[in-house]
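Everything below belongs to my_file.cif, which stores mmCIF, C-alpha atoms.
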```cif
data_final
#
loop_
_atom_site.label_atom_id
_atom_site.label_comp_id
_atom_site.auth_asym_id
_atom_site.auth_seq_id
_atom_site.Cartn_x
_atom_site.Cartn_y
_atom_site.Cartn_z
CA MET A 21 -28.81 98.09 187.50
CA ASP A 22 -30.11 99.95 190.54
CA THR A 23 -31.87 102.83 188.81
CA MET A 24 -34.76 103.27 186.38
CA LEU A 25 -36.58 105.95 184.40
CA ALA A 26 -39.79 107.36 185.86
CA GLY A 27 -42.16 110.18 184.94
CA ARG A 28 -42.06 112.34 188.08
CA PHE A 29 -44.34 115.25 189.03
CA HIS A 30 -43.02 117.68 191.63
CA LEU A 31 -46.00 118.95 193.62
CA ASP A 32 -44.24 122.05 194.94
CA SER A 33 -42.89 123.39 191.62
CA LYS A 34 -45.62 121.79 189.43
CA LYS A 35 -42.89 120.50 187.12
CA PHE A 36 -42.96 117.16 185.30
CA ALA A 37 -39.90 115.32 183.99
CA VAL A 38 -38.75 111.81 183.16
CA GLU A 39 -35.95 111.26 185.64
CA GLU A 40 -33.57 108.53 186.74
CA VAL A 41 -34.52 107.27 190.21
CA PRO A 42 -33.69 104.23 192.35
CA ILE A 43 -35.63 101.05 191.62
CA PRO A 44 -37.98 100.64 194.60
CA VAL A 45 -37.80 97.62 196.91
CA PRO A 46 -41.06 95.86 197.83
CA GLY A 47 -42.00 95.78 201.50
CA PRO A 48 -44.31 93.40 203.38
CA GLY A 49 -47.35 92.48 201.31
CA GLU A 50 -45.90 94.16 198.22
CA VAL A 51 -44.44 93.06 194.89
CA LEU A 52 -42.25 94.79 192.34
CA ILE A 53 -43.86 94.93 188.90
CA GLU A 54 -41.86 95.24 185.68
CA VAL A 55 -44.04 97.65 183.72
CA LYS A 56 -44.90 96.65 180.15
CA ALA A 57 -47.52 99.31 179.34
CA ALA A 58 -49.02 102.39 180.97
CA GLY A 59 -51.99 104.43 179.78
CA VAL A 60 -52.08 108.22 179.50
CA CYS A 61 -55.34 109.49 180.97
CA LEU A 62 -56.99 112.90 181.07
CA SER A 63 -56.71 112.70 184.85
CA ASP A 64 -52.93 112.66 184.39
CA VAL A 65 -53.23 115.83 182.31
CA HIS A 66 -55.38 117.43 185.01
CA LEU A 67 -52.79 116.50 187.64
CA LEU A 68 -49.98 118.10 185.67
CA ASP A 69 -51.95 121.25 184.82
CA GLY A 70 -52.96 121.75 188.46
CA SER A 71 -56.72 121.27 188.10
CA LEU A 72 -56.53 117.95 189.97
CA VAL A 73 -54.95 118.31 193.39
CA PRO A 74 -53.89 115.19 195.36
CA LEU A 75 -55.83 114.99 198.63
CA PHE A 76 -53.70 112.32 200.31
CA ALA A 77 -50.27 112.65 198.68
CA THR A 78 -47.68 110.48 200.41
CA SER A 79 -44.70 112.45 199.03
CA ASP A 80 -43.88 115.83 197.51
CA THR A 81 -42.85 114.08 194.27
CA ILE A 82 -45.08 111.48 192.62
CA THR A 83 -44.49 109.04 189.78
CA VAL A 84 -47.52 109.56 187.54
CA GLY A 85 -49.69 106.82 186.02
CA HIS A 86 -52.65 104.77 187.25
CA GLU A 87 -53.26 102.53 184.21
CA VAL A 88 -50.56 99.89 184.41
CA SER A 89 -49.85 96.32 183.31
CA GLY A 90 -46.74 94.20 183.53
CA VAL A 91 -45.24 91.11 185.12
CA ILE A 92 -44.34 90.29 188.70
CA HIS A 93 -40.58 90.80 188.97
CA THR A 94 -39.76 90.50 192.70
CA HIS A 95 -41.66 89.37 195.78
CA GLY A 96 -41.66 91.28 199.03
CA PRO A 97 -42.01 89.45 202.37
CA ASP A 98 -45.25 88.20 203.95
CA LEU A 99 -47.21 87.60 200.74
CA LYS A 100 -50.46 85.63 200.99
CA ARG A 101 -51.68 85.06 197.42
CA GLY A 102 -48.72 83.13 196.08
CA LEU A 103 -48.69 84.61 192.57
CA PRO A 104 -45.35 83.52 191.10
CA VAL A 105 -42.69 85.72 189.56
CA GLY A 106 -43.48 86.21 185.89
CA THR A 107 -47.27 86.33 186.35
CA ARG A 108 -48.87 88.76 183.88
CA VAL A 109 -51.01 91.30 185.75
CA THR A 110 -52.86 94.56 185.56
CA LEU A 111 -53.10 96.78 188.63
CA GLU A 112 -56.19 98.20 190.27
CA ALA A 113 -55.83 101.97 190.25
CA GLY A 114 -56.28 102.52 193.98
CA LYS A 115 -55.50 101.08 197.38
CA THR A 116 -56.68 101.57 200.94
CA CYS A 117 -54.81 104.11 203.05
CA GLY A 118 -54.81 101.55 205.86
CA THR A 119 -57.13 103.38 208.25
CA CYS A 120 -60.14 101.30 207.21
CA ALA A 121 -59.11 97.66 207.37
CA GLY A 122 -60.13 95.79 204.24
CA CYS A 123 -61.79 98.74 202.51
CA VAL A 124 -59.91 97.95 199.32
CA ARG A 125 -62.62 95.36 198.73
CA HIS A 126 -65.44 97.81 199.21
CA ARG A 127 -66.67 100.91 197.43
CA PRO A 128 -64.28 103.86 197.04
CA CYS A 129 -64.33 106.32 199.90
CA THR A 130 -62.38 109.37 200.98
CA GLN A 131 -59.75 107.04 202.41
CA MET A 132 -58.94 105.42 199.06
CA LEU A 133 -55.60 106.47 197.60
CA THR A 134 -55.10 106.69 193.84
CA ALA A 135 -51.97 105.44 192.08
CA GLY A 136 -50.04 108.12 190.25
CA ILE A 137 -51.83 110.86 192.19
CA ASP A 138 -51.52 110.08 195.91
CA TYR A 139 -48.66 107.59 195.66
CA ASP A 140 -46.19 106.42 193.00
CA GLY A 141 -47.78 105.05 189.86
CA GLY A 142 -46.62 103.27 186.74
CA TRP A 143 -45.05 105.75 184.34
CA ALA A 144 -41.82 103.95 185.12
CA GLU A 145 -39.81 100.87 184.32
CA TYR A 146 -40.83 99.31 187.64
CA VAL A 147 -43.58 100.01 190.15
CA ILE A 148 -44.46 98.76 193.63
CA ALA A 149 -47.94 97.30 194.09
CA ARG A 150 -49.76 95.77 197.02
CA GLU A 151 -50.60 92.17 196.23
CA GLU A 152 -54.35 92.68 196.74
CA THR A 153 -54.39 95.16 193.84
CA LEU A 154 -53.00 92.64 191.34
CA VAL A 155 -55.37 91.15 188.77
CA PRO A 156 -53.85 88.31 186.71
CA ILE A 157 -54.41 88.57 182.96
CA PRO A 158 -54.42 85.77 180.38
CA ASP A 159 -51.73 85.41 177.73
CA SER A 160 -54.35 86.29 175.11
CA LEU A 161 -54.81 89.81 176.53
CA PRO A 162 -52.07 92.20 175.28
CA PHE A 163 -50.39 94.39 177.88
CA ASP A 164 -51.50 97.65 176.23
CA GLN A 165 -55.17 96.63 176.32
CA ALA A 166 -54.87 95.30 179.87
CA ALA A 167 -53.28 98.56 181.06
CA ILE A 168 -56.31 100.71 180.21
CA ILE A 169 -58.85 98.48 181.96
CA PRO A 170 -58.30 99.91 185.49
CA ASP A 171 -59.61 103.37 184.54
CA ALA A 172 -60.55 104.07 180.92
CA VAL A 173 -62.73 100.97 180.87
CA SER A 174 -63.54 100.21 184.52
CA THR A 175 -64.68 103.77 185.30
CA PRO A 176 -67.50 103.82 182.73
CA TYR A 177 -68.19 100.11 183.38
CA ALA A 178 -68.87 100.80 187.06
CA ALA A 179 -70.87 103.90 186.12
CA VAL A 180 -73.07 101.91 183.73
CA VAL A 181 -73.61 98.69 185.69
CA ALA A 182 -73.43 99.93 189.29
CA THR A 183 -73.98 103.67 189.75
CA ALA A 184 -76.64 103.85 187.04
CA GLY A 185 -77.66 100.21 186.88
CA VAL A 186 -78.60 100.45 183.20
CA ARG A 187 -80.98 97.73 182.04
CA ALA A 188 -81.71 96.46 178.54
CA ALA A 189 -83.81 98.81 176.37
CA GLN A 190 -83.21 101.87 178.57
CA SER A 191 -82.10 105.00 176.72
CA VAL A 192 -78.62 106.39 177.32
CA GLY A 193 -76.83 109.59 176.34
CA VAL A 194 -73.05 109.93 176.55
CA TRP A 195 -71.50 113.42 176.49
CA GLY A 196 -67.81 113.52 175.56
CA VAL A 197 -66.64 110.52 173.50
CA GLY A 198 -62.97 110.56 174.45
CA GLY A 199 -61.04 107.90 176.35
CA VAL A 200 -63.74 107.28 178.96
CA GLY A 201 -66.79 108.25 176.90
CA ALA A 202 -65.93 105.94 173.99
CA HIS A 203 -65.91 103.01 176.39
CA ASN A 204 -69.09 104.29 178.05
CA VAL A 205 -70.78 103.88 174.65
CA ARG A 206 -69.43 100.37 174.16
CA LEU A 207 -70.39 99.23 177.64
CA ALA A 208 -73.88 100.70 177.40
CA ARG A 209 -74.34 98.64 174.24
CA LEU A 210 -72.89 95.57 175.99
CA VAL A 211 -75.67 95.70 178.62
CA GLY A 212 -78.37 96.27 176.00
CA ALA A 213 -79.13 99.99 176.29
CA ALA A 214 -81.21 101.38 173.42
CA PRO A 215 -81.07 103.87 171.98
CA ILE A 216 -77.54 105.10 172.73
CA ILE A 217 -76.98 108.74 171.82
CA ALA A 218 -73.41 110.07 171.74
CA VAL A 219 -72.83 113.81 172.04
CA ASP A 220 -69.56 115.48 171.08
CA PRO A 221 -68.57 118.70 169.25
CA LEU A 222 -65.83 116.90 167.27
CA PRO A 223 -67.00 115.23 164.04
CA SER A 224 -64.25 112.59 164.39
CA ALA A 225 -65.45 111.72 167.89
CA ARG A 226 -69.02 111.38 166.66
CA GLU A 227 -67.87 109.05 163.89
CA ARG A 228 -65.95 106.99 166.43
CA ALA A 229 -69.01 106.80 168.67
CA LEU A 230 -71.05 105.31 165.84
CA ALA A 231 -68.29 102.78 165.16
CA PHE A 232 -68.27 101.90 168.89
CA GLY A 233 -72.00 101.19 168.95
CA ALA A 234 -73.92 104.44 169.33
CA ASP A 235 -77.25 104.56 167.49
CA LEU A 236 -77.05 108.31 167.00
CA ALA A 237 -74.24 110.88 167.32
CA LEU A 238 -75.15 114.53 167.82
CA ASP A 239 -73.39 117.88 167.86
CA PRO A 240 -74.32 119.58 171.18
CA ALA A 241 -74.47 122.93 169.36
CA ALA A 242 -77.13 121.76 166.89
CA PRO A 243 -80.13 124.13 167.11
CA ASP A 244 -82.55 121.17 167.09
CA PHE A 245 -80.51 119.12 169.58
CA ALA A 246 -83.32 118.58 172.11
CA ASP A 247 -85.78 117.75 169.34
CA GLN A 248 -83.42 115.08 167.99
CA VAL A 249 -83.10 113.49 171.44
CA ARG A 250 -86.86 113.46 171.91
CA ALA A 251 -87.39 111.95 168.46
CA ALA A 252 -84.80 109.22 169.09
CA THR A 253 -86.42 108.28 172.42
CA GLY A 254 -90.02 108.33 171.22
CA GLY A 255 -90.65 111.60 173.04
CA ARG A 256 -89.72 110.17 176.46
CA GLY A 257 -86.28 111.69 176.96
CA LEU A 258 -83.24 109.86 178.29
CA ASP A 259 -83.26 107.36 181.14
CA PHE A 260 -79.58 108.09 181.81
CA ALA A 261 -77.23 110.87 180.74
CA PHE A 262 -73.52 110.25 181.34
CA ASP A 263 -71.28 113.31 181.56
CA CYS A 264 -67.86 111.99 180.57
CA ALA A 265 -66.48 115.45 179.83
CA GLY A 266 -66.64 117.08 183.26
CA VAL A 267 -67.93 120.34 181.78
CA PRO A 268 -70.63 122.44 183.52
CA ALA A 269 -72.40 123.30 180.26
CA VAL A 270 -72.57 119.59 179.41
CA ARG A 271 -74.23 118.78 182.71
CA ASP A 272 -76.85 121.46 182.25
CA GLN A 273 -77.68 120.31 178.72
CA ALA A 274 -77.72 116.64 179.70
CA ALA A 275 -80.09 117.26 182.60
CA SER A 276 -82.48 119.14 180.34
CA VAL A 277 -83.14 116.12 178.09
CA LEU A 278 -83.72 113.56 180.84
CA GLY A 279 -87.11 111.92 180.93
CA LEU A 280 -89.34 110.95 183.85
CA GLY A 281 -87.13 109.60 186.65
CA GLY A 282 -84.02 110.08 184.53
CA SER A 283 -80.57 110.34 186.10
CA LEU A 284 -77.54 112.43 185.27
CA ILE A 285 -74.38 110.43 186.07
CA LEU A 286 -71.30 112.56 186.73
CA VAL A 287 -68.40 110.49 185.37
CA GLY A 288 -66.03 113.25 184.21
CA ILE A 289 -64.36 115.22 186.98
CA THR A 290 -64.02 118.97 187.35
CA PRO A 291 -63.30 121.34 190.26
CA ARG A 292 -66.00 123.70 188.98
CA PRO A 293 -69.41 123.85 190.70
CA LEU A 294 -72.35 121.77 189.51
CA THR A 295 -75.14 124.00 188.19
CA ILE A 296 -78.55 122.88 186.97
CA THR A 297 -80.54 125.79 185.57
CA GLU A 298 -83.70 123.81 184.89
CA GLY A 299 -86.53 124.79 187.21
CA LEU A 300 -89.81 123.15 188.12
CA THR A 301 -89.66 120.42 185.46
CA PHE A 302 -86.59 118.92 187.15
CA ASN A 303 -88.72 118.34 190.25
CA TYR A 304 -91.89 117.44 188.35
CA LEU A 305 -90.12 114.76 186.32
CA GLN A 306 -88.32 113.49 189.45
CA LYS A 307 -84.89 113.72 187.87
CA GLN A 308 -81.74 112.80 189.78
CA VAL A 309 -78.03 113.60 189.81
CA ARG A 310 -75.59 110.88 190.89
CA GLY A 311 -71.89 111.33 191.49
CA HIS A 312 -69.46 108.68 190.29
CA TYR A 313 -65.72 108.25 190.77
CA GLY A 314 -63.47 105.66 189.18
CA GLY A 315 -64.02 101.93 188.96
CA PHE A 316 -64.69 99.48 191.74
CA PRO A 317 -62.18 96.74 192.63
CA GLU A 318 -64.39 94.01 191.19
CA SER A 319 -64.77 95.96 187.93
CA VAL A 320 -61.22 95.18 186.79
CA SER A 321 -61.44 91.41 187.28
CA GLU A 322 -64.88 91.31 185.64
CA LEU A 323 -63.61 93.24 182.62
CA VAL A 324 -60.60 90.96 182.29
CA GLN A 325 -63.06 88.04 182.17
CA LEU A 326 -65.19 89.80 179.55
CA THR A 327 -62.22 90.51 177.31
CA ALA A 328 -60.91 86.96 177.73
CA ALA A 329 -64.34 85.63 176.75
CA GLY A 330 -64.39 87.76 173.61
CA ARG A 331 -67.24 89.99 174.75
CA LEU A 332 -65.10 93.12 174.61
CA ASP A 333 -62.32 93.88 172.12
CA LEU A 334 -60.14 96.74 173.33
CA ALA A 335 -57.76 96.78 170.36
CA PRO A 336 -59.59 99.73 168.70
CA SER A 337 -59.02 101.77 171.87
CA ILE A 338 -55.23 101.88 171.50
CA THR A 339 -54.32 104.95 169.47
CA ASP A 340 -50.52 104.84 169.67
CA HIS A 341 -47.49 103.56 171.58
CA ILE A 342 -44.96 106.12 172.84
CA PRO A 343 -41.60 105.54 174.59
CA LEU A 344 -41.64 106.40 178.29
CA ILE A 345 -38.88 108.96 177.75
CA ASP A 346 -41.35 110.94 175.59
CA ALA A 347 -44.11 111.00 178.22
CA ALA A 348 -44.35 114.82 178.10
CA ASN A 349 -45.10 114.61 174.39
CA ALA A 350 -47.86 112.08 175.07
CA VAL A 351 -49.41 114.44 177.61
CA SER A 352 -49.32 117.28 175.07
CA ARG A 353 -50.95 115.12 172.41
CA LEU A 354 -53.81 114.19 174.73
CA GLU A 355 -54.24 117.69 176.18
CA ASN A 356 -54.44 119.24 172.71
CA LYS A 357 -56.41 116.35 171.18
CA ILE A 358 -53.76 115.87 168.49
CA GLY A 359 -55.08 113.01 166.40
CA ASP A 360 -58.13 112.79 168.69
CA PRO A 361 -56.66 109.92 170.72
CA ILE A 362 -58.66 107.39 172.70
CA ARG A 363 -55.71 106.02 174.66
CA LEU A 364 -51.98 106.62 174.23
CA ILE A 365 -49.74 103.95 175.73
CA LEU A 366 -46.33 104.59 177.29
CA VAL A 367 -43.85 101.76 176.81
CA PRO A 368 -40.73 101.65 179.06
#
```

Structure re-expressed in structure tokens:
Amino acid sequence: MDTMLAGRFHLDSKKFAVEEVPIPVPGPGEVLIEVKAAGVCLSDVHLLDGSLVPLFATSDTITVGHEVSGVIHTHGPDLKRGLPVGTRVTLEAGKTCGTCAGCVRHRPCTQMLTAGIDYDGGWAEYVIAREETLVPIPDSLPFDQAAIIPDAVSTPYAAVVATAGVRAAQSVGVWGVGGVGAHNVRLARLVGAAPIIAVDPLPSARERALAFGADLALDPAAPDFADQVRAATGGRGLDFAFDCAGVPAVRDQAASVLGLGGSLILVGITPRPLTITEGLTFNYLQKQVRGHYGGFPESVSELVQLTAAGRLDLAPSITDHIPLIDAANAVSRLENKIGDPIRLILVP
């Protein structure tokens, strides 16, 4: 068989379809991965609806999908790591563009390309990956759980432990308890944050946040919202507020309940401008705003170790499994919050 199914997005016409395409052949330093599971992320929805525009697209048609796990199927030439065929792996969601030698092992920059956005990703039966982006996974870690680590879990993980640097007993608020926000809650609890306050307009999301480790779950529209935050933090306000929704109104509200030296961490993405309406108190309390994007390369391997050690159980994060051929339906379910999914998994 020389062809495969792949979920393809045509950048010129803005059309998405699962199409039959040739199976790619790995080049130097590359391997061909047989995909076993691929996550459906809100970033994928944003790509397809046009609100996320690829900055470094390598083609006018892209195979979508940046949360991928599978097994090594075929080696390309000039490999250095020696991972054998059949090795179970998950894939880091980005790679260097090649202009900055070795930057794949450093922090993301404007030269980092994202799978499924700038180059072909894993909504397919097979996908090409550079060998340095492969992270071996143990037999005990299911493919569906491994697939979501490179974004749904590693993005909030890097936001919590690196961008924010949350320490034990610091107070944390998480706005938007969807695919990324739910894990933000769990990871904040993992590092010892207290209290953890989840904020979401959906009652089901608030219930999920409590099940995932939040100490308190609030409706952002509650008239006594700020009072509840102050009461939960002993009048101090939040040390960190994580915007996992990418909504301007969220950012404004989150900034308003920060305490002395508190930081707003922008995890969710949006093309809309950042606006903080708070005046002098923002300066007086020495508040900060920090941008964050994606996970870091080391985040994926660290999270694989944490799951293997039993510190993190990702089974509750998997909402459903959907055949690859029905990828458009999965996108619709996530976009319209049908069933309030955490992560939907495409299975080739």

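Of the listed residues A:Gly212, A:Pro221, A:Gly330, A:Gly90, the one whose atoms come nearest to Thr107 of chain A is A:Gly90, with distances taken using only C-alpha atoms.
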
Checklist entry - For this file, the PyMOL selection byres ((chain A and resi 355-357) around 10) selects which residues, as a list in words? => result Cys61, Leu62, Asp64, Val65, His66, Asp69, Gly198, Asn349, Ala350, Val351, Ser352, Arg353, Leu354, Ile358, Gly359, Asp360, Pro361 and Ile362 of chain A

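Between atom CA of Ala265 of chain A and atom CA of Ile169 of chain A the interatomic distance comes to 18.7 Å.
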
Item to check | Residue contacts of Gly279 of chain A (8 Å, only C-alpha atoms) excluding same-chain residues fewer than 5 positions away, as JSON, numbers by chain | outcome: {"A": [256, 257, 258, 259, 305, 307]}

Output file for the residues above (C-alpha atoms, as a PDB file, in the frame of the given file):
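Below is the file that was written, again_22.pdb:
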```pdb
ATOM      1  CA  ARG A 256     -89.720 110.170 176.460  1.00  0.00           C
ATOM      2  CA  GLY A 257     -86.280 111.690 176.960  1.00  0.00           C
ATOM      3  CA  LEU A 258     -83.240 109.860 178.290  1.00  0.00           C
ATOM      4  CA  ASP A 259     -83.260 107.360 181.140  1.00  0.00           C
ATOM      5  CA  LEU A 305     -90.120 114.760 186.320  1.00  0.00           C
ATOM      6  CA  LYS A 307     -84.890 113.720 187.870  1.00  0.00           C
TER       7      LYS A 307
END
```

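Evaluated against this file, the PyMOL selection byres ((chain A and resi 27) around 9) yields Leu25, Ala26, Arg28, Phe29, Phe36, Ala37, Val38, Glu39, Glu40, Ile82, Thr83, Val84, Gly85, Gly142, Trp143, Ala144, Leu344, Ile345, Ala347 and Ala348 of chain A.
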
Save segment 22-33 of chain A to a file: all heavy atoms, as a short mmCIF file (atom, residue, chain, number, x, y, z; two decimals), in the first residue's frame.
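Okay, this is what ended up in decode_24.cif:
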```
data_model
loop_
_atom_site.label_atom_id
_atom_site.label_comp_id
_atom_site.auth_asym_id
_atom_site.auth_seq_id
_atom_site.Cartn_x
_atom_site.Cartn_y
_atom_site.Cartn_z
N ASP A 22 0.66 2.13 -0.95
CA ASP A 22 1.48 3.32 -1.08
C ASP A 22 0.76 4.59 -0.64
O ASP A 22 1.34 5.67 -0.68
CB ASP A 22 1.93 3.49 -2.54
CG ASP A 22 2.79 2.33 -3.00
OD1 ASP A 22 3.59 1.83 -2.18
OD2 ASP A 22 2.66 1.93 -4.17
N THR A 23 -0.51 4.48 -0.26
CA THR A 23 -1.26 5.66 0.13
C THR A 23 -1.83 5.48 1.54
O THR A 23 -1.87 4.38 2.09
CB THR A 23 -2.42 5.95 -0.84
OG1 THR A 23 -3.33 4.84 -0.83
CG2 THR A 23 -1.89 6.19 -2.25
N MET A 24 -2.29 6.59 2.11
CA MET A 24 -2.85 6.59 3.46
C MET A 24 -3.91 7.68 3.56
O MET A 24 -4.00 8.57 2.70
CB MET A 24 -1.74 6.87 4.49
CG MET A 24 -1.16 8.27 4.39
SD MET A 24 0.04 8.63 5.69
CE MET A 24 0.36 10.40 5.35
N LEU A 25 -4.69 7.64 4.62
CA LEU A 25 -5.64 8.71 4.91
C LEU A 25 -4.97 9.77 5.78
O LEU A 25 -4.18 9.45 6.68
CB LEU A 25 -6.87 8.16 5.63
CG LEU A 25 -7.78 7.23 4.84
CD1 LEU A 25 -8.93 6.75 5.73
CD2 LEU A 25 -8.32 7.92 3.60
N ALA A 26 -5.30 11.03 5.51
CA ALA A 26 -4.75 12.13 6.28
C ALA A 26 -5.75 13.28 6.33
O ALA A 26 -6.45 13.54 5.34
CB ALA A 26 -3.42 12.61 5.67
N GLY A 27 -5.84 13.94 7.46
CA GLY A 27 -6.70 15.11 7.61
C GLY A 27 -5.97 16.34 7.12
O GLY A 27 -5.08 16.84 7.80
N ARG A 28 -6.37 16.85 5.94
CA ARG A 28 -5.60 17.90 5.26
C ARG A 28 -6.35 19.23 5.27
O ARG A 28 -7.55 19.29 4.97
CB ARG A 28 -5.34 17.48 3.82
CG ARG A 28 -4.62 16.15 3.68
CD ARG A 28 -3.13 16.31 3.91
NE ARG A 28 -2.50 16.88 2.73
CZ ARG A 28 -1.23 17.33 2.71
NH1 ARG A 28 -0.51 17.32 3.81
NH2 ARG A 28 -0.72 17.81 1.59
N PHE A 29 -5.62 20.30 5.60
CA PHE A 29 -6.18 21.65 5.60
C PHE A 29 -5.53 22.44 4.47
O PHE A 29 -4.31 22.58 4.42
CB PHE A 29 -5.93 22.34 6.94
CG PHE A 29 -6.50 23.73 7.01
CD1 PHE A 29 -7.85 23.96 6.80
CD2 PHE A 29 -5.68 24.81 7.28
CE1 PHE A 29 -8.39 25.24 6.87
CE2 PHE A 29 -6.21 26.10 7.35
CZ PHE A 29 -7.56 26.31 7.15
N HIS A 30 -6.37 22.95 3.56
CA HIS A 30 -5.89 23.72 2.41
C HIS A 30 -5.88 25.20 2.79
O HIS A 30 -6.93 25.81 3.00
CB HIS A 30 -6.79 23.46 1.21
CG HIS A 30 -6.80 22.02 0.76
ND1 HIS A 30 -6.03 21.56 -0.28
CD2 HIS A 30 -7.47 20.94 1.26
CE1 HIS A 30 -6.23 20.26 -0.43
NE2 HIS A 30 -7.10 19.86 0.49
N LEU A 31 -4.68 25.76 2.89
CA LEU A 31 -4.54 27.13 3.40
C LEU A 31 -5.18 28.16 2.48
O LEU A 31 -5.68 29.19 2.95
CB LEU A 31 -3.06 27.46 3.60
CG LEU A 31 -2.31 26.57 4.61
CD1 LEU A 31 -0.84 26.97 4.68
CD2 LEU A 31 -2.95 26.67 5.98
N ASP A 32 -5.19 27.90 1.17
CA ASP A 32 -5.74 28.89 0.25
C ASP A 32 -7.27 28.93 0.29
O ASP A 32 -7.88 29.99 0.40
CB ASP A 32 -5.25 28.63 -1.18
CG ASP A 32 -5.48 27.19 -1.63
OD1 ASP A 32 -5.93 26.36 -0.81
OD2 ASP A 32 -5.21 26.90 -2.82
N SER A 33 -7.91 27.76 0.28
CA SER A 33 -9.38 27.70 0.28
C SER A 33 -9.97 27.60 1.68
O SER A 33 -11.19 27.69 1.84
CB SER A 33 -9.84 26.50 -0.55
OG SER A 33 -9.41 25.29 0.05
#
```
